[in-house]
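For reference, run_36.txt (compact mmCIF, N, CA and C atoms):
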```txt
# COMPACT_ATOMS: atom_id res chain seq x y z
N MET N 1 -29.55 268.40 30.64
CA MET N 1 -29.33 268.79 29.26
C MET N 1 -28.98 270.28 29.16
N ILE N 2 -29.67 271.08 29.95
CA ILE N 2 -29.40 272.51 29.92
C ILE N 2 -28.01 272.79 30.48
N GLY N 3 -27.57 271.98 31.45
CA GLY N 3 -26.24 272.13 32.00
C GLY N 3 -25.15 271.96 30.95
N ILE N 4 -25.37 271.05 30.02
CA ILE N 4 -24.41 270.84 28.93
C ILE N 4 -24.35 272.08 28.04
N LEU N 5 -25.50 272.69 27.81
CA LEU N 5 -25.52 273.93 27.01
C LEU N 5 -24.78 275.06 27.72
N PHE N 6 -24.96 275.17 29.04
CA PHE N 6 -24.23 276.19 29.79
C PHE N 6 -22.72 275.97 29.70
N ILE N 7 -22.30 274.72 29.83
CA ILE N 7 -20.87 274.42 29.74
C ILE N 7 -20.36 274.76 28.34
N TYR N 8 -21.14 274.49 27.30
CA TYR N 8 -20.73 274.83 25.93
C TYR N 8 -20.60 276.34 25.77
N TRP N 9 -21.57 277.09 26.28
CA TRP N 9 -21.53 278.55 26.15
C TRP N 9 -20.35 279.14 26.91
N ILE N 10 -20.08 278.59 28.08
CA ILE N 10 -18.92 279.05 28.86
C ILE N 10 -17.64 278.74 28.11
N TRP N 11 -17.56 277.51 27.59
CA TRP N 11 -16.37 277.11 26.82
C TRP N 11 -16.17 278.03 25.62
N LYS N 12 -17.22 278.31 24.89
CA LYS N 12 -17.13 279.14 23.69
C LYS N 12 -16.68 280.56 24.03
N ALA N 13 -17.27 281.16 25.04
CA ALA N 13 -16.95 282.54 25.40
C ALA N 13 -15.51 282.66 25.88
N PHE N 14 -15.08 281.79 26.76
CA PHE N 14 -13.74 281.90 27.31
C PHE N 14 -12.67 281.45 26.31
N THR N 15 -13.00 280.50 25.43
CA THR N 15 -12.06 280.11 24.38
C THR N 15 -11.87 281.24 23.39
N ASN N 16 -12.94 281.90 23.00
CA ASN N 16 -12.81 283.04 22.08
C ASN N 16 -11.99 284.16 22.71
N LEU N 17 -12.18 284.39 24.00
CA LEU N 17 -11.40 285.40 24.71
C LEU N 17 -9.92 285.05 24.69
N ALA N 18 -9.61 283.79 24.99
CA ALA N 18 -8.21 283.36 25.02
C ALA N 18 -7.58 283.43 23.64
N LEU N 19 -8.29 283.02 22.61
CA LEU N 19 -7.74 283.04 21.26
C LEU N 19 -7.53 284.47 20.76
N GLU N 20 -8.42 285.37 21.16
CA GLU N 20 -8.30 286.77 20.73
C GLU N 20 -7.03 287.41 21.28
N TYR N 21 -6.63 287.01 22.48
CA TYR N 21 -5.46 287.61 23.10
C TYR N 21 -4.24 286.70 23.10
N GLY N 22 -4.33 285.56 22.41
CA GLY N 22 -3.19 284.67 22.27
C GLY N 22 -2.82 283.93 23.54
N LYS N 23 -3.80 283.51 24.29
CA LYS N 23 -3.57 282.78 25.54
C LYS N 23 -4.02 281.32 25.37
N ASN N 24 -3.75 280.50 26.41
CA ASN N 24 -4.13 279.10 26.39
C ASN N 24 -5.64 278.97 26.61
N LYS N 25 -6.34 278.37 25.63
CA LYS N 25 -7.80 278.32 25.70
C LYS N 25 -8.31 277.41 26.80
N TRP N 26 -7.59 276.36 27.15
CA TRP N 26 -8.06 275.44 28.18
C TRP N 26 -7.94 276.06 29.57
N THR N 27 -6.93 276.86 29.78
CA THR N 27 -6.80 277.54 31.07
C THR N 27 -7.97 278.49 31.29
N TYR N 28 -8.33 279.23 30.26
CA TYR N 28 -9.43 280.18 30.39
C TYR N 28 -10.77 279.47 30.47
N PHE N 29 -10.90 278.32 29.81
CA PHE N 29 -12.12 277.53 29.95
C PHE N 29 -12.30 277.07 31.40
N PHE N 30 -11.23 276.62 32.04
CA PHE N 30 -11.34 276.18 33.42
C PHE N 30 -11.60 277.36 34.36
N PHE N 31 -11.09 278.56 34.03
CA PHE N 31 -11.47 279.75 34.80
C PHE N 31 -12.98 279.98 34.71
N GLY N 32 -13.52 279.82 33.52
CA GLY N 32 -14.96 280.03 33.32
C GLY N 32 -15.80 279.02 34.07
N ILE N 33 -15.43 277.74 33.98
CA ILE N 33 -16.19 276.70 34.68
C ILE N 33 -16.09 276.89 36.20
N ALA N 34 -14.89 277.21 36.68
CA ALA N 34 -14.71 277.42 38.12
C ALA N 34 -15.52 278.62 38.59
N SER N 35 -15.57 279.68 37.78
CA SER N 35 -16.34 280.85 38.19
C SER N 35 -17.84 280.55 38.21
N TYR N 36 -18.32 279.75 37.25
CA TYR N 36 -19.74 279.41 37.22
C TYR N 36 -20.14 278.58 38.44
N TYR N 37 -19.43 277.49 38.66
CA TYR N 37 -19.78 276.64 39.79
C TYR N 37 -19.44 277.31 41.13
N GLY N 38 -18.39 278.10 41.16
CA GLY N 38 -18.07 278.85 42.37
C GLY N 38 -19.16 279.85 42.70
N GLY N 39 -19.72 280.50 41.68
CA GLY N 39 -20.80 281.45 41.90
C GLY N 39 -22.06 280.79 42.43
N THR N 40 -22.38 279.59 41.91
CA THR N 40 -23.57 278.89 42.41
C THR N 40 -23.36 278.42 43.85
N ILE N 41 -22.17 277.91 44.15
CA ILE N 41 -21.90 277.43 45.51
C ILE N 41 -21.87 278.60 46.49
N LEU N 42 -21.18 279.67 46.12
CA LEU N 42 -21.12 280.85 46.99
C LEU N 42 -22.51 281.44 47.20
N GLY N 43 -23.31 281.47 46.14
CA GLY N 43 -24.68 281.96 46.28
C GLY N 43 -25.50 281.11 47.23
N GLY N 44 -25.32 279.78 47.18
CA GLY N 44 -26.02 278.90 48.10
C GLY N 44 -25.60 279.11 49.54
N PHE N 45 -24.30 279.26 49.77
CA PHE N 45 -23.82 279.53 51.12
C PHE N 45 -24.36 280.85 51.65
N LEU N 46 -24.27 281.89 50.83
CA LEU N 46 -24.75 283.20 51.28
C LEU N 46 -26.26 283.20 51.53
N LEU N 47 -27.01 282.51 50.67
CA LEU N 47 -28.45 282.43 50.88
C LEU N 47 -28.76 281.69 52.17
N GLY N 48 -28.05 280.60 52.43
CA GLY N 48 -28.27 279.86 53.67
C GLY N 48 -27.95 280.69 54.90
N ILE N 49 -26.88 281.46 54.83
CA ILE N 49 -26.51 282.31 55.97
C ILE N 49 -27.54 283.43 56.18
N VAL N 50 -27.94 284.08 55.09
CA VAL N 50 -28.91 285.17 55.21
C VAL N 50 -30.25 284.65 55.72
N LEU N 51 -30.74 283.54 55.16
CA LEU N 51 -32.00 282.98 55.64
C LEU N 51 -31.86 282.47 57.07
N GLY N 52 -30.68 281.97 57.43
CA GLY N 52 -30.45 281.53 58.80
C GLY N 52 -30.49 282.68 59.77
N LEU N 53 -29.95 283.82 59.38
CA LEU N 53 -29.98 285.00 60.26
C LEU N 53 -31.39 285.58 60.36
N ILE N 54 -32.15 285.48 59.27
CA ILE N 54 -33.50 286.05 59.29
C ILE N 54 -34.49 285.13 60.00
N LYS N 55 -34.52 283.85 59.60
CA LYS N 55 -35.52 282.92 60.12
C LYS N 55 -35.02 282.07 61.28
N GLY N 56 -33.73 281.98 61.43
CA GLY N 56 -33.18 281.07 62.43
C GLY N 56 -32.61 279.85 61.72
N PHE N 57 -31.50 279.37 62.20
CA PHE N 57 -30.80 278.28 61.50
C PHE N 57 -31.54 276.95 61.58
N GLU N 58 -32.38 276.76 62.61
CA GLU N 58 -33.14 275.52 62.70
C GLU N 58 -34.17 275.43 61.58
N SER N 59 -34.81 276.54 61.25
CA SER N 59 -35.82 276.51 60.19
C SER N 59 -35.19 276.34 58.82
N VAL N 60 -33.98 276.87 58.63
CA VAL N 60 -33.30 276.73 57.34
C VAL N 60 -32.86 275.29 57.13
N ALA N 61 -32.47 274.61 58.19
CA ALA N 61 -32.04 273.21 58.08
C ALA N 61 -33.19 272.32 57.66
N ASN N 62 -34.41 272.70 57.95
CA ASN N 62 -35.58 271.87 57.62
C ASN N 62 -36.22 272.26 56.29
N GLU N 63 -35.78 273.35 55.66
CA GLU N 63 -36.38 273.78 54.40
C GLU N 63 -35.87 272.94 53.25
N ASN N 64 -36.69 272.87 52.21
CA ASN N 64 -36.33 272.13 51.01
C ASN N 64 -35.96 273.13 49.92
N PHE N 65 -34.71 273.09 49.46
CA PHE N 65 -34.25 274.02 48.43
C PHE N 65 -34.17 273.34 47.07
N GLU N 66 -34.89 272.26 46.88
CA GLU N 66 -34.83 271.51 45.63
C GLU N 66 -36.06 271.76 44.77
N ASN N 67 -36.35 273.00 44.46
CA ASN N 67 -37.43 273.29 43.54
C ASN N 67 -36.89 274.14 42.38
N ALA N 68 -37.69 274.33 41.38
CA ALA N 68 -37.24 275.00 40.15
C ALA N 68 -36.88 276.47 40.39
N GLY N 69 -37.57 277.13 41.28
CA GLY N 69 -37.29 278.54 41.54
C GLY N 69 -35.89 278.75 42.09
N TRP N 70 -35.50 277.93 43.07
CA TRP N 70 -34.16 278.05 43.63
C TRP N 70 -33.10 277.65 42.60
N SER N 71 -33.40 276.65 41.81
CA SER N 71 -32.44 276.21 40.80
C SER N 71 -32.17 277.32 39.79
N ILE N 72 -33.23 277.98 39.35
CA ILE N 72 -33.07 279.09 38.39
C ILE N 72 -32.29 280.22 39.04
N PHE N 73 -32.56 280.49 40.31
CA PHE N 73 -31.84 281.55 41.04
C PHE N 73 -30.35 281.23 41.12
N PHE N 74 -30.00 279.99 41.43
CA PHE N 74 -28.59 279.60 41.54
C PHE N 74 -27.90 279.60 40.17
N VAL N 75 -28.62 279.21 39.12
CA VAL N 75 -28.06 279.28 37.76
C VAL N 75 -27.80 280.73 37.39
N PHE N 76 -28.71 281.62 37.76
CA PHE N 76 -28.53 283.05 37.51
C PHE N 76 -27.30 283.58 38.22
N LEU N 77 -27.13 283.20 39.49
CA LEU N 77 -25.94 283.65 40.23
C LEU N 77 -24.66 283.11 39.61
N GLY N 78 -24.68 281.86 39.17
CA GLY N 78 -23.51 281.28 38.50
C GLY N 78 -23.21 282.00 37.19
N GLY N 79 -24.24 282.31 36.44
CA GLY N 79 -24.05 283.05 35.19
C GLY N 79 -23.52 284.44 35.43
N LEU N 80 -24.00 285.07 36.49
CA LEU N 80 -23.53 286.41 36.84
C LEU N 80 -22.06 286.38 37.24
N ALA N 81 -21.67 285.37 38.01
CA ALA N 81 -20.26 285.23 38.41
C ALA N 81 -19.39 284.94 37.19
N CYS N 82 -19.88 284.13 36.28
CA CYS N 82 -19.14 283.80 35.06
C CYS N 82 -18.97 285.04 34.18
N TYR N 83 -20.03 285.81 34.04
CA TYR N 83 -19.96 287.04 33.25
C TYR N 83 -18.97 288.04 33.86
N GLY N 84 -19.02 288.17 35.18
CA GLY N 84 -18.08 289.07 35.86
C GLY N 84 -16.64 288.64 35.68
N THR N 85 -16.39 287.34 35.77
CA THR N 85 -15.04 286.82 35.56
C THR N 85 -14.59 287.07 34.12
N HIS N 86 -15.48 286.88 33.17
CA HIS N 86 -15.16 287.12 31.77
C HIS N 86 -14.77 288.57 31.54
N LYS N 87 -15.54 289.49 32.08
CA LYS N 87 -15.25 290.91 31.92
C LYS N 87 -13.95 291.30 32.63
N LEU N 88 -13.72 290.72 33.80
CA LEU N 88 -12.48 290.99 34.54
C LEU N 88 -11.26 290.52 33.74
N LEU N 89 -11.33 289.32 33.19
CA LEU N 89 -10.22 288.81 32.38
C LEU N 89 -10.05 289.61 31.09
N GLU N 90 -11.17 290.02 30.50
CA GLU N 90 -11.11 290.80 29.26
C GLU N 90 -10.41 292.15 29.51
N ASN N 91 -10.75 292.81 30.61
CA ASN N 91 -10.11 294.09 30.94
C ASN N 91 -8.63 293.89 31.24
N LYS N 92 -8.29 292.83 31.96
CA LYS N 92 -6.89 292.53 32.28
C LYS N 92 -6.08 292.28 31.02
N LEU N 93 -6.63 291.49 30.11
CA LEU N 93 -5.91 291.18 28.87
C LEU N 93 -5.79 292.40 27.96
N GLU N 94 -6.79 293.26 27.97
CA GLU N 94 -6.71 294.49 27.16
C GLU N 94 -5.62 295.41 27.69
N LYS N 95 -5.50 295.51 29.01
CA LYS N 95 -4.43 296.33 29.60
C LYS N 95 -3.06 295.75 29.28
N GLU N 96 -2.95 294.41 29.33
CA GLU N 96 -1.68 293.77 28.97
C GLU N 96 -1.32 294.06 27.52
N ARG N 97 -2.32 294.02 26.63
CA ARG N 97 -2.07 294.29 25.22
C ARG N 97 -1.59 295.72 25.02
N GLU N 98 -2.22 296.67 25.72
CA GLU N 98 -1.81 298.07 25.60
C GLU N 98 -0.39 298.28 26.12
N LEU N 99 -0.04 297.62 27.20
CA LEU N 99 1.32 297.75 27.73
C LEU N 99 2.36 297.15 26.79
N ASN N 100 2.01 296.06 26.13
CA ASN N 100 2.95 295.43 25.20
C ASN N 100 3.14 296.26 23.94
N GLU N 101 2.12 297.04 23.57
CA GLU N 101 2.23 297.86 22.37
C GLU N 101 3.04 299.13 22.60
N LYS N 102 3.15 299.57 23.86
CA LYS N 102 3.93 300.76 24.15
C LYS N 102 5.41 300.46 23.96
N ASP N 103 6.16 301.52 23.70
CA ASP N 103 7.60 301.34 23.59
C ASP N 103 8.18 300.93 24.93
N GLY N 104 9.00 299.92 24.93
CA GLY N 104 9.61 299.44 26.16
C GLY N 104 10.98 300.05 26.37
N ILE N 105 11.64 299.63 27.43
CA ILE N 105 12.96 300.14 27.75
C ILE N 105 13.99 299.71 26.72
N ASP N 106 13.74 298.62 26.02
CA ASP N 106 14.66 298.16 24.98
C ASP N 106 14.68 299.09 23.77
N ASP N 107 13.66 299.90 23.61
CA ASP N 107 13.57 300.78 22.45
C ASP N 107 14.19 302.15 22.68
N ILE N 108 14.68 302.41 23.88
CA ILE N 108 15.26 303.72 24.18
C ILE N 108 16.58 303.85 23.42
N GLY N 109 16.74 304.93 22.71
CA GLY N 109 17.99 305.20 21.98
C GLY N 109 18.04 304.58 20.61
N VAL N 110 17.03 303.79 20.24
CA VAL N 110 17.02 303.17 18.92
C VAL N 110 16.38 304.15 17.95
N VAL N 111 17.09 304.42 16.88
CA VAL N 111 16.60 305.36 15.88
C VAL N 111 15.88 304.56 14.79
N GLU N 112 14.65 304.94 14.52
CA GLU N 112 13.90 304.28 13.48
C GLU N 112 14.18 304.98 12.16
N GLU N 113 14.49 304.22 11.16
CA GLU N 113 14.74 304.79 9.83
C GLU N 113 13.47 304.67 9.02
N ASN N 114 13.11 305.77 8.37
CA ASN N 114 11.92 305.78 7.54
C ASN N 114 12.26 305.63 6.09
```
Will you turn the file into structure tokens for me?
Amino acid sequence: MIGILFIYWIWKAFTNLALEYGKNKWTYFFFGIASYYGGTILGGFLLGIVLGLIKGFESVANENFENAGWSIFFVFLGGLACYGTHKLLENKLEKERELNEKDGIDDIGVVEEN
């Protein structure tokens, strides 16, 4: 049930971002979902590698990672990756907006009448 709420929040944030800058909302929604699940998967891989290097890979293979503490940790990593992707896209779109507002090469030599 909480997973559905996370998907809704991701959808809402990335859709608002896309609509604010005039982009396709579904494309940005899929960026958000991919960043969330990518962050959780990458966090799991990195945790497994780090614990494998510290404790030995045989002990990591026998550990149980299916408890609430690890789940909350992986959700946090996914949320952090999603937030970072949101900020990265927001900065990119803001720079694009600033470049579009500047006078382009087509405006050279055009006299504006007041």
Segment 24-39 of chain N: which residues within 7 Å, counting only C-alpha atoms, same-chain residues fewer than 3 positions away excluded, as number ranges by chain?
N: 10-11, 14-15, 18-19, 42-43, 77-79, 81-82, 85
Just give me the gap between atom C of Leu17 of chain N and atom C of His86 of chain N in Å, one decimal is fine.
9.1 Å
Please, what distance in Å, to one decimal, runs between atom C of Thr40 of chain N and atom N of Leu80 of chain N?
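Separation of atom C of Thr40 of chain N and atom N of Leu80 of chain N: 9.9 Å.
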Using the chain letters and numbers from this document, which residues of chain N does DSSP assign to helix (DSSP H, G or I), as a ChimeraX atom specification?
/N:2-20,25-55,57-62,68-101,105-107
